[in-house]
Structure formats: C-alpha cells, structure tokens
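Participant: Data: structure_34.csv, CSV, C-alpha atoms and all ligand atoms.
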```csv
chain,number,residue,atom,x,y,z
A,252,MET,CA,44.7,85.3,-77.8
A,253,ASN,CA,47.9,86.4,-79.5
A,254,ALA,CA,50.2,89.0,-78.0
A,255,ARG,CA,48.8,91.9,-80.1
A,256,THR,CA,45.2,91.1,-79.1
A,257,LEU,CA,46.3,90.8,-75.5
A,258,ALA,CA,48.0,94.1,-75.6
A,259,LEU,CA,45.0,95.8,-77.1
A,260,ALA,CA,42.8,94.2,-74.5
A,261,LEU,CA,45.0,95.6,-71.8
A,262,ILE,CA,45.1,99.0,-73.3
A,263,ALA,CA,41.3,98.9,-73.5
A,264,THR,CA,41.1,98.5,-69.7
A,265,LEU,CA,43.5,101.4,-69.0
A,266,PRO,CA,41.0,104.3,-69.1
A,267,ALA,CA,38.7,102.7,-66.5
A,268,ILE,CA,41.6,101.9,-64.2
A,269,ALA,CA,43.1,105.4,-64.6
A,270,LEU,CA,39.7,106.9,-63.8
A,271,ALA,CA,39.2,104.8,-60.7
A,272,ASP,CA,42.6,105.7,-59.4
A,273,THR,CA,42.6,109.4,-60.4
A,274,PRO,CA,44.1,111.2,-57.4
A,275,GLY,CA,41.6,113.7,-56.0
A,276,THR,CA,42.0,116.7,-53.8
A,277,LEU,CA,40.9,115.7,-50.3
A,278,LEU,CA,38.2,118.0,-49.0
A,279,ALA,CA,37.1,116.2,-45.9
A,280,LYS,CA,38.0,113.0,-44.1
A,281,PHE,CA,36.2,111.4,-41.2
A,282,ALA,CA,38.0,108.6,-39.4
A,283,PHE,CA,36.0,108.6,-36.2
A,284,ASP,CA,39.1,107.7,-34.2
A,285,LYS,CA,39.1,110.3,-31.5
A,286,PRO,CA,37.6,108.6,-28.4
A,287,ASP,CA,34.3,110.0,-27.0
A,288,THR,CA,33.9,112.7,-29.6
A,289,LEU,CA,31.6,112.7,-32.6
A,290,GLY,CA,33.4,115.6,-34.1
A,291,PRO,CA,31.0,117.7,-36.3
A,292,TRP,CA,28.3,115.0,-36.6
A,293,HIS,CA,24.9,115.6,-35.1
A,294,GLU,CA,21.5,114.0,-34.9
A,295,GLU,CA,18.7,115.5,-36.9
A,296,LEU,CA,16.5,115.9,-33.8
A,297,LYS,CA,17.2,116.8,-30.2
A,298,PRO,CA,18.1,113.8,-27.9
A,299,ALA,CA,14.6,113.9,-26.3
A,300,GLN,CA,12.9,113.6,-29.7
A,301,GLU,CA,15.4,111.2,-31.2
A,302,PRO,CA,15.1,107.7,-29.9
A,303,SER,CA,18.6,106.6,-31.1
A,304,ASP,CA,22.2,106.1,-30.1
A,305,LEU,CA,24.9,108.0,-31.9
A,306,ALA,CA,28.3,107.2,-30.6
A,307,ILE,CA,31.9,106.4,-31.3
A,308,ASP,CA,32.1,102.6,-31.3
A,309,THR,CA,35.4,101.0,-30.2
A,310,ALA,CA,34.0,97.4,-30.5
A,311,ASN,CA,33.5,97.4,-34.3
A,312,PRO,CA,36.0,99.7,-36.1
A,313,HIS,CA,36.8,99.3,-39.7
A,314,SER,CA,40.2,101.0,-39.2
A,315,GLY,CA,41.9,102.7,-36.3
A,316,PRO,CA,40.4,102.3,-32.8
A,317,SER,CA,36.8,103.2,-33.6
A,318,ALA,CA,34.0,104.0,-36.0
A,319,LEU,CA,30.8,106.0,-36.0
A,320,LYS,CA,27.7,104.0,-34.9
A,321,TYR,CA,24.1,105.2,-35.3
A,322,ARG,CA,21.4,103.0,-33.9
A,323,VAL,CA,17.7,103.6,-33.7
A,324,LYS,CA,16.3,102.8,-30.3
A,325,ALA,CA,12.5,102.9,-30.8
A,326,ASP,CA,10.0,102.3,-33.6
A,327,VAL,CA,9.4,105.7,-35.2
A,328,ASP,CA,8.4,104.4,-38.7
A,329,SER,CA,9.9,107.3,-40.5
A,330,GLN,CA,13.3,108.4,-41.7
A,331,ARG,CA,16.0,109.4,-39.2
A,332,ASP,CA,19.4,110.8,-40.0
A,333,ILE,CA,22.6,112.1,-38.7
A,334,TYR,CA,24.5,114.9,-40.5
A,335,THR,CA,27.5,117.1,-40.9
A,336,GLY,CA,28.5,120.0,-43.1
A,337,VAL,CA,31.4,120.2,-45.5
A,338,ALA,CA,32.5,123.7,-46.7
A,339,LEU,CA,33.8,123.9,-50.3
A,340,ALA,CA,36.2,126.2,-52.0
A,341,PRO,CA,34.7,128.7,-54.5
A,342,ASN,CA,33.8,127.2,-57.8
A,343,ASP,CA,36.9,127.9,-60.0
A,344,ALA,CA,36.5,125.0,-62.3
A,345,PRO,CA,35.1,126.2,-65.7
A,346,SER,CA,34.5,122.6,-66.8
A,347,GLY,CA,32.5,121.8,-63.6
A,348,ARG,CA,33.4,120.2,-60.4
A,349,ARG,CA,33.2,116.5,-59.7
A,350,LEU,CA,33.3,114.9,-56.2
A,351,ARG,CA,34.0,111.4,-55.1
A,352,PHE,CA,32.6,110.1,-51.8
A,353,ARG,CA,34.1,107.0,-50.3
A,354,PHE,CA,33.4,105.2,-47.1
A,355,TRP,CA,33.2,101.9,-45.3
A,356,ALA,CA,29.9,100.7,-43.8
A,357,ARG,CA,28.2,97.8,-42.1
A,358,THR,CA,24.6,97.5,-40.8
A,359,ASP,CA,22.7,95.5,-38.3
A,360,GLY,CA,18.9,94.8,-38.4
A,361,ALA,CA,18.5,97.0,-41.5
A,362,ALA,CA,16.8,95.7,-44.6
A,363,LYS,CA,18.3,96.3,-48.0
A,364,GLY,CA,17.9,99.9,-48.9
A,365,ASP,CA,17.2,101.1,-45.4
A,366,ALA,CA,20.5,102.9,-44.8
A,367,SER,CA,22.0,105.4,-47.2
A,368,LEU,CA,24.4,108.3,-47.6
A,369,ARG,CA,22.6,111.4,-48.7
A,370,VAL,CA,24.3,114.6,-49.9
A,371,LEU,CA,22.5,117.9,-50.0
A,372,GLU,CA,24.0,120.7,-52.0
A,373,ARG,CA,23.7,124.2,-50.6
A,374,GLY,CA,24.5,127.7,-51.8
A,375,PRO,CA,24.4,131.2,-50.4
A,376,SER,CA,20.6,131.2,-50.8
A,377,GLY,CA,20.0,127.9,-49.2
A,378,VAL,CA,19.3,124.4,-50.4
A,379,ILE,CA,20.0,123.8,-54.0
A,380,GLY,CA,19.2,120.1,-54.3
A,381,TRP,CA,20.4,116.5,-53.8
A,382,LEU,CA,23.7,115.5,-55.3
A,383,ASP,CA,23.1,114.4,-58.9
A,384,ASN,CA,19.4,114.9,-58.3
A,385,LYS,CA,19.3,111.6,-56.3
A,386,VAL,CA,18.0,111.5,-52.7
A,387,ASP,CA,20.2,108.5,-51.9
A,388,ALA,CA,23.7,109.1,-53.2
A,389,VAL,CA,24.7,105.7,-52.0
A,390,VAL,CA,22.5,102.9,-50.7
A,391,ILE,CA,24.2,100.8,-48.0
A,392,ASP,CA,23.0,97.3,-48.4
A,393,LYS,CA,25.7,94.7,-47.8
A,394,GLY,CA,24.9,93.7,-44.2
A,395,ALA,CA,27.1,93.0,-41.2
A,396,THR,CA,30.4,92.8,-43.0
A,397,TRP,CA,32.4,96.0,-43.5
A,398,SER,CA,32.1,96.9,-47.2
A,399,GLU,CA,33.5,99.8,-49.2
A,400,TYR,CA,31.2,102.2,-51.0
A,401,SER,CA,32.1,104.9,-53.5
A,402,VAL,CA,30.2,107.3,-55.8
A,403,ASP,CA,31.4,110.0,-58.2
A,404,ALA,CA,29.0,112.8,-59.2
A,405,PRO,CA,29.0,116.3,-60.7
A,406,LEU,CA,28.5,119.2,-58.5
A,407,LYS,CA,26.1,122.0,-59.3
A,408,ASP,CA,27.9,125.3,-60.1
A,409,ALA,CA,26.4,127.4,-57.2
A,410,THR,CA,27.1,124.9,-54.5
A,411,SER,CA,29.3,126.2,-51.8
A,412,MET,CA,28.5,123.7,-49.0
A,413,LEU,CA,27.4,120.2,-48.6
A,414,THR,CA,25.3,118.5,-45.9
A,415,LEU,CA,26.2,114.8,-45.6
A,416,GLN,CA,23.5,112.7,-44.1
A,417,VAL,CA,23.6,109.0,-43.0
A,418,ALA,CA,20.0,108.1,-43.1
A,419,ILE,CA,17.9,105.2,-41.9
A,420,ALA,CA,14.6,104.8,-43.6
A,421,HIS,CA,11.6,103.1,-41.8
A,422,ALA,CA,13.5,103.6,-38.6
A,423,SER,CA,12.6,100.9,-36.0
A,424,ALA,CA,14.3,99.7,-32.9
A,425,GLY,CA,17.6,98.0,-33.4
A,426,LYS,CA,18.4,99.1,-36.9
A,427,ALA,CA,22.0,100.3,-36.9
A,428,VAL,CA,24.6,101.5,-39.3
A,429,TRP,CA,28.4,101.9,-38.8
A,430,ILE,CA,30.4,104.3,-40.9
A,431,ASP,CA,34.2,104.6,-41.0
A,432,ASP,CA,36.8,106.3,-43.2
A,433,LEU,CA,34.4,108.6,-45.0
A,434,SER,CA,36.2,110.9,-47.4
A,435,VAL,CA,35.2,113.6,-49.9
A,436,GLU,CA,37.5,114.3,-52.8
A,437,GLN,CA,37.3,116.7,-55.7
A,438,ILE,CA,38.3,114.9,-58.9
A,439,PRO,CA,38.8,116.3,-62.4
A,440,GLY,CA,35.4,117.4,-63.8
A,441,ALA,CA,34.1,116.3,-67.1
A,442,ALA,CA,33.7,118.9,-69.8
A,443,LYS,CA,30.2,120.2,-70.2
B,1,CA,CA,38.1,104.6,-37.7
```
Show me, as structure tokens, the structure contained in the file I just sent.

Facilitator:
Amino acid sequence: MNARTLALALIATLPAIALADTPGTLLAKFAFDKPDTLGPWHEELKPAQEPSDLAIDTANPHSGPSALKYRVKADVDSQRDIYTGVALAPNDAPSGRRLRFRFWARTDGAAKGDASLRVLERGPSGVIGWLDNKVDAVVIDKGATWSEYSVDAPLKDATSMLTLQVAIAHASAGKAVWIDDLSVEQIPGAAK
C-alpha cells in the first residue's frame, strides 16, 4: 500500500469513527453508586407477586462501588422486568431526534437472548411503541464478564417520555442480570 492509498484508506474510516464518537447531550445516567437505593428503578410487580431480588450490588460493580442486580428467585416461566422512566425535552429537532443508549452488563444463569434492554416510547396519549419498532432494543448475551452494549435509534416525533426496561425472558430461579453505567444521550438526528 503506497502513501496515497494508505491516506485514502484512513480517510475512508473517518466517518465511522466520527459517528461513533459524536458527542451527545446526556439525558439520563444511572451509575447505581448510591448505597442501598435503587433510585427510580422499580419491579414490574409488587414484591409479593414478584419472586425476584432487585438490589444494589457492591460485590460485582463495573465501576464505582456498586451496580444494579436483578435476580429471579423462582420459576415463573414468563418475562419479568424492572423499569424506570426518562422524561424528554419537547421535540424541537425538525430533522428528527436520535438517541444513543449505552450500558455495561453481565449475566448469570441466563441463556443467550434471555436478558435485554427494552425501550418503550410514550407520548401525552400513552404508549406509542417500542424504540425503532423492536421489542428488544439490545439483547444482553455475553455472559458473566462485564461487556459494553450500545444502540443508536431514531425517536418517534410525538415521544415525550421513555420507559426503560431490563427484562428477563423465560424467568426461572437463579437467572440474573447486572447493569451499570447506563446512559441515554441525544445525538444528531439524520435528515428524514
Ligand atoms: Ca456503578
């Protein structure tokens, strides 16, 4: 490869690098570092109905002193989730809004595809739909080692609030997922 070819090859990689590093506007960040508080995260069902543990775990943090741990305690053979809400600013982007979700996760006892991040878009009239029309925005499948996950997706125009869910499908005793450093950023939208 001569110098010119090398230069062209490097230039060709620039847009992808620039896109991945595009600074976004941070809308929400969950570090799960305050001891003994889950902050705004909740279980889908009341504790008596929900055979699971949801806790701040100081034994297995990704960063800081702790992470969020969600562990199913009994065989329920259906999906279970924990959730929180994220309020958005009014839609003032004529070219559309685009969000980036980033987090670190690890699992225990969960098969590939069991655990996922789900993002429900909501508006003044209620539920609008899943982010990018996909039930699972991100499938968490890399096992016991902390791994980083990221997804970019366009937001529907009427969306004013998000519900983030960490879901475990086919919930059975012992399946667990840890989440840390979850962020939601708005990044430049693509022209429609
Ligand atoms: Ca943390």

Participant: Could you list, as a ChimeraX atom specification, all residues that come within 12 Å of ligand CA 1 (chain B)? Count all atoms listed in the file.

Facilitator: /A:280-286,289,307-320,354-356,397,429-434

Participant: Enter the distance from CA of Thr358 in chain A to CA of Gly380 in chain A, in Å, rounded to one decimal.

Facilitator: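 For CA of Thr358 in chain A relative to CA of Gly380 in chain A, the distance reads 26.9 Å.
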
Participant: Return the single residue from A:Arg322, A:Lys363, A:Arg348, A:His293 that is closest to Ala409 in chain A, with distances computed using only C-alpha atoms.

Facilitator: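 Residue with the minimum atom-to-atom distance to Ala409 in chain A: A:Arg348.
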
Participant: Tell me which of A:Asp359, A:Asp287, A:Glu372, A:Asp326 sits closest to Leu413 in chain A, counting all atoms listed in the file.

Facilitator: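 Once distances to Leu413 in chain A are computed over all atoms listed in the file, the minimum belongs to A:Glu372.
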
Participant: Rank nothing, just name the residue among A:Ser367, A:Thr414, A:Asn342, A:Thr288 nearest to Ser401 in chain A, using all atoms listed in the file.

Facilitator: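 Nearest to Ser401 in chain A: A:Ser367.
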
Participant: Counting only C-alpha atoms, which residue out of A:Met412, A:Ala427, A:Ala279, A:Ile391 sits closest to Val370 in chain A?

Facilitator: A:Met412
